[in-house]
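Here's structure.cif, which has mmCIF, C-alpha atoms:
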data_protein
#
loop_
_atom_site.label_atom_id
_atom_site.label_comp_id
_atom_site.auth_asym_id
_atom_site.auth_seq_id
_atom_site.Cartn_x
_atom_site.Cartn_y
_atom_site.Cartn_z
CA MET A 1 5.56 17.40 10.08
CA MET A 2 4.83 17.16 6.35
CA GLN A 3 3.58 20.40 4.83
CA SER A 4 -0.05 20.21 3.72
CA LEU A 5 -0.56 19.75 0.00
CA LYS A 6 -3.35 22.35 0.14
CA SER A 7 -1.47 25.01 2.10
CA PRO A 8 -1.01 28.40 0.36
CA ALA A 9 2.76 28.21 0.90
CA PHE A 10 3.02 24.81 -0.77
CA ARG A 11 0.86 25.77 -3.73
CA SER A 12 2.56 29.11 -4.36
CA GLY A 13 5.98 27.54 -4.06
CA ALA A 14 5.08 24.78 -6.48
CA LEU A 15 3.64 27.24 -9.00
CA LEU A 16 6.73 29.45 -8.72
CA PHE A 17 8.93 26.43 -9.45
CA LEU A 18 6.81 25.45 -12.48
CA CYS A 19 6.85 28.98 -13.86
CA THR A 20 10.62 29.18 -13.43
CA VAL A 21 11.09 25.94 -15.37
CA ILE A 22 8.83 27.17 -18.18
CA LEU A 23 10.68 30.50 -18.33
CA LEU A 24 14.02 28.74 -18.60
CA LEU A 25 12.78 26.44 -21.35
CA HIS A 26 10.78 28.87 -23.43
CA GLY A 27 11.76 32.39 -22.41
CA CYS A 28 9.31 35.08 -21.41
CA THR A 29 7.90 36.02 -24.81
CA GLY A 30 4.35 34.82 -25.37
CA LEU A 31 4.13 32.94 -22.07
CA ARG A 32 0.50 32.28 -21.20
CA PRO A 33 -0.54 32.56 -17.52
CA LEU A 34 -1.21 29.32 -15.66
CA THR A 35 -4.38 28.21 -13.95
CA GLU A 36 -4.87 25.41 -11.40
CA ARG A 37 -7.28 22.49 -11.66
CA THR A 38 -7.83 19.59 -9.27
CA ILE A 39 -8.80 16.19 -10.70
CA THR A 40 -9.80 13.11 -8.67
CA LEU A 41 -9.02 9.79 -10.32
CA GLU A 42 -10.56 6.45 -9.39
CA ALA A 43 -8.53 3.24 -9.59
CA GLU A 44 -8.06 1.80 -13.06
CA LYS A 45 -7.20 -1.61 -11.59
CA ALA A 46 -6.17 -3.11 -8.24
CA ALA A 47 -4.80 -6.36 -6.85
CA SER A 48 -4.22 -8.22 -3.58
CA ILE A 49 -1.41 -10.76 -3.44
CA PHE A 50 -0.73 -13.49 -0.92
CA GLY A 51 3.04 -13.34 -0.61
CA GLU A 52 5.64 -15.05 1.48
CA ASN A 53 4.81 -17.93 3.82
CA HIS A 54 7.72 -18.62 6.16
CA HIS A 55 8.07 -20.94 9.14
CA ASP A 56 10.74 -22.28 11.49
CA THR A 57 10.98 -24.24 14.72
CA PHE A 58 12.57 -23.30 18.03
CA GLY A 59 13.09 -25.00 21.38
CA ILE A 60 14.37 -28.57 21.77
CA CYS A 61 13.59 -30.07 18.38
CA ASP A 62 16.18 -32.87 18.02
CA PRO A 63 14.98 -35.52 17.72
CA PHE A 64 12.16 -33.66 15.97
CA PHE A 65 8.89 -33.69 17.82
CA LEU A 66 6.06 -31.21 17.65
CA ASP A 67 2.59 -31.50 19.08
CA ARG A 68 0.77 -30.35 15.95
CA ARG A 69 -2.48 -29.13 17.43
CA GLY A 70 -3.05 -26.97 14.40
CA THR A 71 -1.42 -23.81 13.17
CA ARG A 72 -4.08 -21.99 11.21
CA LEU A 73 -3.50 -18.47 10.05
CA TYR A 74 -6.58 -16.34 10.02
CA LEU A 75 -6.25 -12.98 8.30
CA TRP A 76 -6.38 -13.93 4.62
CA ASP A 77 -9.32 -16.31 5.04
CA GLU A 78 -11.28 -13.62 6.91
CA PHE A 79 -10.46 -11.07 4.20
CA VAL A 80 -11.77 -13.41 1.48
CA ARG A 81 -14.90 -14.12 3.55
CA GLN A 82 -15.69 -10.42 3.94
CA ARG A 83 -14.78 -9.63 0.34
CA ASP A 84 -17.22 -12.26 -0.93
CA SER A 85 -19.91 -11.43 1.60
CA ALA A 86 -23.25 -10.04 0.43
CA ASP A 87 -23.21 -7.73 3.45
CA SER A 88 -22.73 -4.20 2.14
CA GLU A 89 -21.40 -3.12 5.55
CA SER A 90 -18.20 -5.14 4.99
CA HIS A 91 -17.21 -3.94 1.53
CA ILE A 92 -13.50 -4.74 1.61
CA SER A 93 -11.91 -5.33 -1.78
CA HIS A 94 -8.17 -5.49 -1.04
CA LEU A 95 -5.73 -6.34 1.74
CA ALA A 96 -2.17 -5.53 2.76
CA GLY A 97 -0.40 -6.58 5.95
CA TYR A 98 1.04 -9.61 7.69
CA GLU A 99 0.28 -12.22 10.34
CA VAL A 100 2.48 -14.10 12.82
CA THR A 101 1.49 -17.05 14.99
CA VAL A 102 3.20 -19.60 17.23
CA THR A 103 2.10 -23.16 18.01
CA ARG A 104 3.85 -24.52 21.08
CA GLY A 105 4.54 -28.24 21.55
CA GLU A 106 6.04 -30.09 24.52
CA SER A 107 9.56 -28.90 23.73
CA CYS A 108 9.59 -27.97 20.05
CA HIS A 109 7.54 -25.05 18.81
CA LEU A 110 6.45 -23.85 15.36
CA ARG A 111 6.48 -20.19 14.33
CA ILE A 112 4.97 -19.00 11.04
CA PHE A 113 4.18 -15.78 9.18
CA GLU A 114 2.40 -14.73 5.99
CA THR A 115 2.52 -11.43 4.10
CA TYR A 116 0.01 -9.66 1.87
CA GLN A 117 0.50 -6.89 -0.70
CA ALA A 118 -2.01 -4.50 -2.29
CA ALA A 119 -1.52 -2.70 -5.61
CA VAL A 120 -3.40 0.03 -7.47
CA LYS A 121 -2.97 1.82 -10.80
CA PHE A 122 -4.55 5.05 -12.08
CA ASP A 123 -5.04 6.12 -15.69
CA LEU A 124 -3.12 9.40 -15.99
CA THR A 125 -4.14 9.95 -19.62
CA ALA A 126 -7.18 11.74 -18.17
CA LEU A 127 -4.84 14.65 -17.38
CA PRO A 128 -4.37 17.30 -20.12
CA ALA A 129 -1.30 16.79 -22.28
CA ASP A 130 0.16 20.19 -21.30
CA ALA A 131 -0.44 19.73 -17.55
CA ALA A 132 2.25 20.19 -14.93
CA VAL A 133 1.71 18.45 -11.58
CA VAL A 134 1.50 20.86 -8.64
CA SER A 135 0.56 18.20 -6.07
CA ALA A 136 -0.67 14.62 -5.93
CA GLN A 137 -2.23 12.78 -2.99
CA LEU A 138 -3.05 9.08 -2.78
CA ASN A 139 -6.09 8.43 -0.56
CA ILE A 140 -6.92 4.99 0.81
CA ARG A 141 -10.29 4.37 2.44
CA GLY A 142 -11.85 1.43 4.22
CA SER A 143 -11.98 -0.52 7.44
CA PHE A 144 -11.62 -4.16 8.39
CA ALA A 145 -13.44 -5.73 11.32
CA PRO A 146 -12.49 -9.41 11.62
CA LEU A 147 -15.09 -11.71 13.16
CA ASP A 148 -13.94 -13.51 16.34
CA PRO A 149 -10.19 -13.39 15.58
CA PRO A 150 -8.12 -16.04 17.39
CA ARG A 151 -5.45 -13.41 18.15
CA ASP A 152 -5.26 -9.66 18.62
CA ARG A 153 -3.84 -7.03 16.32
CA GLY A 154 -0.21 -6.14 16.94
CA ASN A 155 0.94 -3.14 18.93
CA ARG A 156 1.88 0.20 17.40
CA VAL A 157 5.53 -0.76 16.92
CA GLN A 158 4.71 -4.11 15.31
CA CYS A 159 2.15 -2.51 12.99
CA THR A 160 4.27 0.47 11.87
CA ILE A 161 5.66 -1.63 9.08
CA MET A 162 3.95 -0.89 5.74
CA LEU A 163 5.81 0.75 2.88
CA LEU A 164 4.37 2.68 -0.06
CA GLY A 165 6.17 2.01 -3.34
CA GLN A 166 5.83 2.55 -7.07
CA ALA A 167 5.62 -0.68 -9.06
CA THR A 168 8.47 -1.30 -11.50
CA GLU A 169 6.75 -3.74 -13.85
CA PRO A 170 3.28 -4.35 -15.34
CA TRP A 171 0.77 -6.51 -13.44
CA GLU A 172 -2.83 -7.70 -13.75
CA ALA A 173 -5.79 -7.01 -11.49
CA GLY A 174 -7.05 -9.81 -9.27
CA ILE A 175 -6.85 -11.66 -5.95
CA PHE A 176 -3.81 -13.92 -6.12
CA ARG A 177 -3.34 -17.04 -4.02
CA ASN A 178 -3.16 -20.77 -4.66
CA GLY A 179 -6.64 -22.25 -4.73
CA LEU A 180 -8.36 -19.04 -5.87
CA PRO A 181 -9.52 -18.39 -9.46
CA ASP A 182 -6.70 -15.92 -10.19
CA GLY A 183 -4.06 -18.36 -8.94
CA SER A 184 -0.79 -17.27 -7.35
CA ARG A 185 1.95 -14.81 -8.24
CA ALA A 186 5.00 -13.23 -6.64
CA PHE A 187 4.89 -9.83 -5.00
CA ILE A 188 5.06 -6.93 -7.47
CA PRO A 189 8.57 -5.41 -7.28
CA ALA A 190 8.74 -1.72 -6.43
CA ARG A 191 10.94 1.24 -5.64
CA SER A 192 10.03 3.89 -3.07
CA ALA A 193 7.21 6.28 -3.89
CA ARG A 194 8.19 9.92 -3.50
CA PRO A 195 8.15 11.76 -1.26
CA ALA A 196 5.93 9.56 1.00
CA THR A 197 7.28 6.05 1.56
CA GLY A 198 6.69 4.92 5.15
CA PRO A 199 6.86 2.83 7.16
CA PHE A 200 3.37 3.79 8.28
CA TYR A 201 1.06 2.43 10.96
CA VAL A 202 -1.85 0.12 10.20
CA SER A 203 -4.36 -0.87 12.84
CA GLY A 204 -7.26 -2.31 10.85
CA SER A 205 -8.71 1.00 9.72
CA THR A 206 -7.55 2.90 6.65
CA ALA A 207 -10.00 5.78 6.94
CA GLY A 208 -8.12 9.00 6.33
CA PHE A 209 -4.83 7.58 5.01
CA ARG A 210 -3.33 10.25 2.77
CA PHE A 211 0.07 10.03 1.09
CA ASP A 212 1.96 12.79 -0.67
CA VAL A 213 3.09 11.25 -3.98
CA THR A 214 3.71 14.48 -5.90
CA GLN A 215 7.19 13.61 -7.16
CA THR A 216 6.23 10.12 -8.31
CA VAL A 217 3.14 11.27 -10.22
CA SER A 218 5.03 14.21 -11.74
CA GLU A 219 7.71 11.83 -13.05
CA TRP A 220 5.02 9.58 -14.55
CA VAL A 221 3.28 12.50 -16.25
CA ARG A 222 6.57 13.84 -17.65
CA GLY A 223 7.59 10.40 -18.92
CA ILE A 224 10.67 10.13 -16.69
CA ARG A 225 9.37 6.83 -15.32
CA THR A 226 6.63 4.46 -16.48
CA ASN A 227 3.37 4.45 -14.54
CA HIS A 228 2.89 0.91 -13.23
CA GLY A 229 0.95 2.09 -10.17
CA PHE A 230 1.49 1.94 -6.42
CA VAL A 231 2.05 -1.00 -4.07
CA ILE A 232 1.64 -1.32 -0.29
CA THR A 233 3.96 -3.97 1.13
CA PRO A 234 5.25 -4.99 4.58
CA ASP A 235 8.86 -4.03 5.27
CA ARG A 236 10.49 -7.46 5.39
CA GLU A 237 13.52 -6.47 7.48
CA SER A 238 11.32 -5.07 10.26
CA LEU A 239 8.92 -7.99 9.94
CA MET A 240 11.72 -10.52 10.51
CA ASP A 241 12.82 -8.68 13.67
CA PHE A 242 9.28 -8.86 15.10
CA TYR A 243 8.81 -12.44 13.92
CA ASN A 244 12.01 -13.72 15.55
CA ALA A 245 11.06 -12.01 18.82
CA THR A 246 7.64 -13.75 18.95
CA ASP A 247 7.61 -16.98 20.96
CA GLU A 248 4.02 -16.99 22.30
CA GLY A 249 0.61 -16.51 20.71
CA GLY A 250 0.83 -14.22 17.70
CA TYR A 251 -0.80 -11.15 16.16
CA PHE A 252 -1.78 -9.58 12.83
CA CYS A 253 -1.39 -6.12 11.28
CA ASP A 254 -3.74 -5.32 8.44
CA THR A 255 -4.94 -2.70 6.00
CA GLY A 256 -8.41 -3.53 4.70
CA ILE A 257 -9.16 -1.37 1.66
CA SER A 258 -12.49 -0.47 0.10
CA ARG A 259 -11.44 2.44 -2.12
CA PHE A 260 -8.39 4.04 -3.71
CA GLU A 261 -8.34 7.54 -5.19
CA LEU A 262 -5.66 9.86 -6.52
CA VAL A 263 -6.20 13.62 -6.16
CA VAL A 264 -3.99 15.58 -8.56
CA THR A 265 -3.70 19.36 -8.72
CA ILE A 266 -2.27 20.51 -12.04
CA ALA A 267 -1.25 23.80 -13.63
CA VAL A 268 -2.29 24.32 -17.26
CA PRO A 269 -1.85 27.33 -19.55
CA GLN A 270 -4.96 29.50 -19.76
CA THR A 271 -6.76 29.36 -23.10
#

Kindly transcribe the structure held in the file into C-alpha cells.
Amino acid sequence: MMQSLKSPAFRSGALLFLCTVILLLHGCTGLRPLTERTITLEAEKAASIFGENHHDTFGICDPFFLDRRGTRLYLWDEFVRQRDSADSESHISHLAGYEVTVTRGESCHLRIFETYQAAVKFDLTALPADAAVVSAQLNIRGSFAPLDPPRDRGNRVQCTIMLLGQATEPWEAGIFRNGLPDGSRAFIPARSARPATGPFYVSGSTAGFRFDVTQTVSEWVRGIRTNHGFVITPDRESLMDFYNATDEGGYFCDTGISRFELVVTIAVPQT
C-alpha cells in the first residue's frame, strides 16, 4: 500500500533527503534551517476531449447486411447536458472515460467505442522560488449521475482502466468535439506521472481520488521537465481487450469531474 503523504515517516524522510542534497551542494557553513508550508492550488485551466471513435462488424457479414436499428452512444451527450444544465446539483465540468456498445442485426453485428480524456494544469509560479517539493497530491472531486442510461456501467475489471499522465506539449482549455464551439482536437500526448500512474478504477464517482505526484511536480519546479499539466486517459491496450470481448449490449466507465486541486508541501529556508 502506498505510504501516506502526510505520515511522519514520509515527511521526515523527504526532509532528510532535501537537507542532504543541500549539504552536498552548498556545504554546511551558513545553512539556514528549513520550514514546511502546504499550499493548495486551484486549476489554472482544464479541458475535456472527445477522442477515438472506433467500430467494426462481426458475425456473418458477407454479403454485408446489418439491421441498423440505431447505434447511439450515450455518455458524452449526457455529460454535455449536465455540464450545460442550470441545476447546481449536477455541476460537472469535465469527463474522462470510455463507452462500448453493440448493435446486433440478423447475422451481422456492429460494435463501437468512444474514448474521452480530461486534462488540467496548475500555475506553479505561486510557489516560492527557493522552494523544494516535499510532497504533492493531485485531488479530483465530483460525481456523475447519468439520467436513464440505456446501459449500465462496466464492472470493476472493465473500469480499472484510467491512466494518469503528465502532458508533453502545450494545450488550450475547452470542451473539444466536432459540432461544439471549441471544435475537435487529438488527445494530448503524455508520459506517465510519477509515482502514481494507474490504471485506477472509475465507477462514476470521483469523490476522494488522490494521486501521489511528488516526483512529477518536483521535476517541474526544478526545471527538469516543462509543466504542461496532467491528463487522465483510458489505457487503449486494455480497452481493446474489453472491446473485442463484448458481443452483447455494452457499458460505460466514466469519471465526471467538478474540481481539480493540487496540494503541495514545500520546504523553504527560514528567514

Checklist entry - Quick one: which residues end up in the PyMOL selection byres ((chain A and resi 220-236) around 8) for this structure, as number ranges by chain? => result A: 96-98, 115-122, 124, 132-133, 161-171, 188, 190, 193, 199, 216-219, 237-240

Checklist entry - Which neighbours of A:Thr265 fall inside 7 Å, counting all atoms listed in the file, when residues of the same chain fewer than 5 positions from it are skipped, and could you give them as a PyMOL selection string? => result chain A and resi 36-39+133-136

Item to check | Test item: residues at most 7 Å from stretch 50-59 of chain A, all atoms listed in the file, excluding those fewer than 5 positions along its chain, as JSON, numbers by chain | outcome: {"A": [107, 108, 109, 110, 111, 112, 113, 114, 115, 116, 117, 176, 177, 186, 187]}

Just the selected residues (C-alpha atoms), exported as a tab-separated table (two decimals), in the coordinates of the input, please.
chain	number	residue	atom	x	y	z
A	107	SER	CA	9.56	-28.90	23.73
A	108	CYS	CA	9.59	-27.97	20.05
A	109	HIS	CA	7.54	-25.05	18.81
A	110	LEU	CA	6.45	-23.85	15.36
A	111	ARG	CA	6.48	-20.19	14.33
A	112	ILE	CA	4.97	-19.00	11.04
A	113	PHE	CA	4.18	-15.78	9.18
A	114	GLU	CA	2.40	-14.73	5.99
A	115	THR	CA	2.52	-11.43	4.10
A	116	TYR	CA	0.01	-9.66	1.87
A	117	GLN	CA	0.50	-6.89	-0.70
A	176	PHE	CA	-3.81	-13.92	-6.12
A	177	ARG	CA	-3.34	-17.04	-4.02
A	186	ALA	CA	5.00	-13.23	-6.64
A	187	PHE	CA	4.89	-9.83	-5.00

Checklist entry - Which residue out of A:Arg259, A:Gly249, A:Asp152, A:Thr35 has the minimum interatomic distance to A:Thr103 when all atoms listed in the file are used? => result A:Gly249

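For the set A:Leu127, A:Ala43, A:Ala245, A:Val263, the residue with the smallest atom-to-atom gap to A:Thr101 is A:Ala245, counting all atoms listed in the file.
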
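By chain and then residue number, the residues within 10 Å of A:Arg153 are Glu99, Gln158, Cys159, Val202, Ser203, Gly204, Gly250, Tyr251, Phe252, Cys253 and Asp254 of chain A, counting all atoms listed in the file and disregarding those fewer than 5 positions away in sequence.
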
Residues just named, written with C-alpha atoms as a tab-separated table (two decimals), in the frame of the given file:
chain	number	residue	atom	x	y	z
A	99	GLU	CA	0.28	-12.22	10.34
A	158	GLN	CA	4.71	-4.11	15.31
A	159	CYS	CA	2.15	-2.51	12.99
A	202	VAL	CA	-1.85	0.12	10.20
A	203	SER	CA	-4.36	-0.87	12.84
A	204	GLY	CA	-7.26	-2.31	10.85
A	250	GLY	CA	0.83	-14.22	17.70
A	251	TYR	CA	-0.80	-11.15	16.16
A	252	PHE	CA	-1.78	-9.58	12.83
A	253	CYS	CA	-1.39	-6.12	11.28
A	254	ASP	CA	-3.74	-5.32	8.44

Checklist entry - What residues come out when you apply the PyMOL selection byres ((chain A and resi 74-88) around 8) to this file, written as a list of chain:residue names? => result A:Phe50, A:Arg72, A:Leu73, A:Glu89, A:Ser90, A:His91, A:Ile92, A:Ser93, A:His94, A:Leu95, A:Glu99, A:Pro146, A:Leu147, A:Pro149, A:Pro150, A:Phe252, A:Gly256

Selection file, C-alpha atoms, as an mmCIF file, keeping the file's coordinate frame:
data_model
loop_
_atom_site.group_PDB
_atom_site.id
_atom_site.type_symbol
_atom_site.label_atom_id
_atom_site.label_comp_id
_atom_site.auth_asym_id
_atom_site.auth_seq_id
_atom_site.Cartn_x
_atom_site.Cartn_y
_atom_site.Cartn_z
ATOM 1 C CA PHE A 50 -0.730 -13.490 -0.920
ATOM 2 C CA ARG A 72 -4.080 -21.990 11.210
ATOM 3 C CA LEU A 73 -3.500 -18.470 10.050
ATOM 4 C CA GLU A 89 -21.400 -3.120 5.550
ATOM 5 C CA SER A 90 -18.200 -5.140 4.990
ATOM 6 C CA HIS A 91 -17.210 -3.940 1.530
ATOM 7 C CA ILE A 92 -13.500 -4.740 1.610
ATOM 8 C CA SER A 93 -11.910 -5.330 -1.780
ATOM 9 C CA HIS A 94 -8.170 -5.490 -1.040
ATOM 10 C CA LEU A 95 -5.730 -6.340 1.740
ATOM 11 C CA GLU A 99 0.280 -12.220 10.340
ATOM 12 C CA PRO A 146 -12.490 -9.410 11.620
ATOM 13 C CA LEU A 147 -15.090 -11.710 13.160
ATOM 14 C CA PRO A 149 -10.190 -13.390 15.580
ATOM 15 C CA PRO A 150 -8.120 -16.040 17.390
ATOM 16 C CA PHE A 252 -1.780 -9.580 12.830
ATOM 17 C CA GLY A 256 -8.410 -3.530 4.700
#

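From atom CA of A:Ile266 back to atom CA of A:Phe200, the distance works out to 26.9 Å.
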
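What the PyMOL selection byres ((chain A and resi 194) around 8) matches in the given file is Ser192, Ala193, Pro195, Ala196, Thr197, Asp212, Val213, Thr214, Gln215 and Thr216 of chain A.
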
Item to check | Interatomic distance, atom CA of A:Phe260 to atom CA of A:Ile140 (Å, one decimal) | outcome: 4.8 Å

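The spacing separating atom CA of A:Arg156 from atom CA of A:Ala47 amounts to 26.0 Å.
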
Next on the checklist: as a PyMOL selection string, please: the residues near A:Pro33 (cut-off 10 Å, all atoms listed in the file, same-chain neighbours under 5 positions excluded).
Outcome noted: chain A and resi 19+267-271

Selected stretch 125-148 of chain A, written as a short mmCIF file (atom, residue, chain, number, x, y, z; two decimals), in the first residue's frame, N, CA and C atoms:
data_model
loop_
_atom_site.label_atom_id
_atom_site.label_comp_id
_atom_site.auth_asym_id
_atom_site.auth_seq_id
_atom_site.Cartn_x
_atom_site.Cartn_y
_atom_site.Cartn_z
N THR A 125 4.06 28.89 -10.47
CA THR A 125 4.81 30.10 -10.12
C THR A 125 4.34 30.68 -8.79
N ALA A 126 3.22 30.16 -8.26
CA ALA A 126 2.76 30.60 -6.94
C ALA A 126 3.67 30.08 -5.83
N LEU A 127 4.50 29.07 -6.13
CA LEU A 127 5.42 28.53 -5.14
C LEU A 127 6.65 29.43 -5.04
N PRO A 128 7.23 29.60 -3.85
CA PRO A 128 8.43 30.42 -3.70
C PRO A 128 9.57 29.91 -4.57
N ALA A 129 10.40 30.82 -5.03
CA ALA A 129 11.48 30.46 -5.95
C ALA A 129 12.48 29.50 -5.31
N ASP A 130 12.66 29.57 -3.99
CA ASP A 130 13.64 28.71 -3.31
C ASP A 130 12.99 27.48 -2.68
N ALA A 131 11.78 27.13 -3.12
CA ALA A 131 11.06 26.00 -2.52
C ALA A 131 11.58 24.67 -3.05
N ALA A 132 11.61 23.68 -2.17
CA ALA A 132 11.85 22.29 -2.55
C ALA A 132 10.59 21.50 -2.23
N VAL A 133 10.16 20.66 -3.16
CA VAL A 133 8.91 19.92 -3.01
C VAL A 133 9.13 18.71 -2.09
N VAL A 134 8.39 18.69 -0.98
CA VAL A 134 8.40 17.56 -0.06
C VAL A 134 7.37 16.52 -0.50
N SER A 135 6.18 16.97 -0.87
CA SER A 135 5.13 16.07 -1.36
C SER A 135 4.17 16.86 -2.23
N ALA A 136 3.49 16.14 -3.11
CA ALA A 136 2.47 16.76 -3.96
C ALA A 136 1.37 15.75 -4.20
N GLN A 137 0.13 16.19 -4.05
CA GLN A 137 -1.03 15.31 -4.19
C GLN A 137 -2.06 15.96 -5.10
N LEU A 138 -2.45 15.26 -6.15
CA LEU A 138 -3.50 15.71 -7.05
C LEU A 138 -4.82 15.16 -6.55
N ASN A 139 -5.77 16.05 -6.27
CA ASN A 139 -7.11 15.66 -5.81
C ASN A 139 -8.12 15.92 -6.92
N ILE A 140 -9.00 14.97 -7.15
CA ILE A 140 -10.06 15.11 -8.15
C ILE A 140 -11.38 14.87 -7.45
N ARG A 141 -12.30 15.81 -7.59
CA ARG A 141 -13.59 15.72 -6.90
C ARG A 141 -14.73 15.79 -7.91
N GLY A 142 -15.85 15.18 -7.53
CA GLY A 142 -17.02 15.25 -8.39
C GLY A 142 -17.79 13.95 -8.39
N SER A 143 -18.91 13.95 -9.04
CA SER A 143 -19.71 12.74 -9.23
C SER A 143 -20.53 12.92 -10.49
N PHE A 144 -20.96 11.82 -11.06
CA PHE A 144 -21.68 11.86 -12.33
C PHE A 144 -22.83 10.88 -12.23
N ALA A 145 -24.05 11.38 -12.36
CA ALA A 145 -25.24 10.55 -12.22
C ALA A 145 -26.07 10.63 -13.50
N PRO A 146 -25.74 9.82 -14.50
CA PRO A 146 -26.48 9.87 -15.76
C PRO A 146 -27.96 9.61 -15.58
N LEU A 147 -28.77 10.28 -16.39
CA LEU A 147 -30.22 10.16 -16.33
C LEU A 147 -30.70 9.09 -17.30
N ASP A 148 -31.34 8.05 -16.77
CA ASP A 148 -31.91 6.95 -17.56
C ASP A 148 -30.92 6.41 -18.61
#
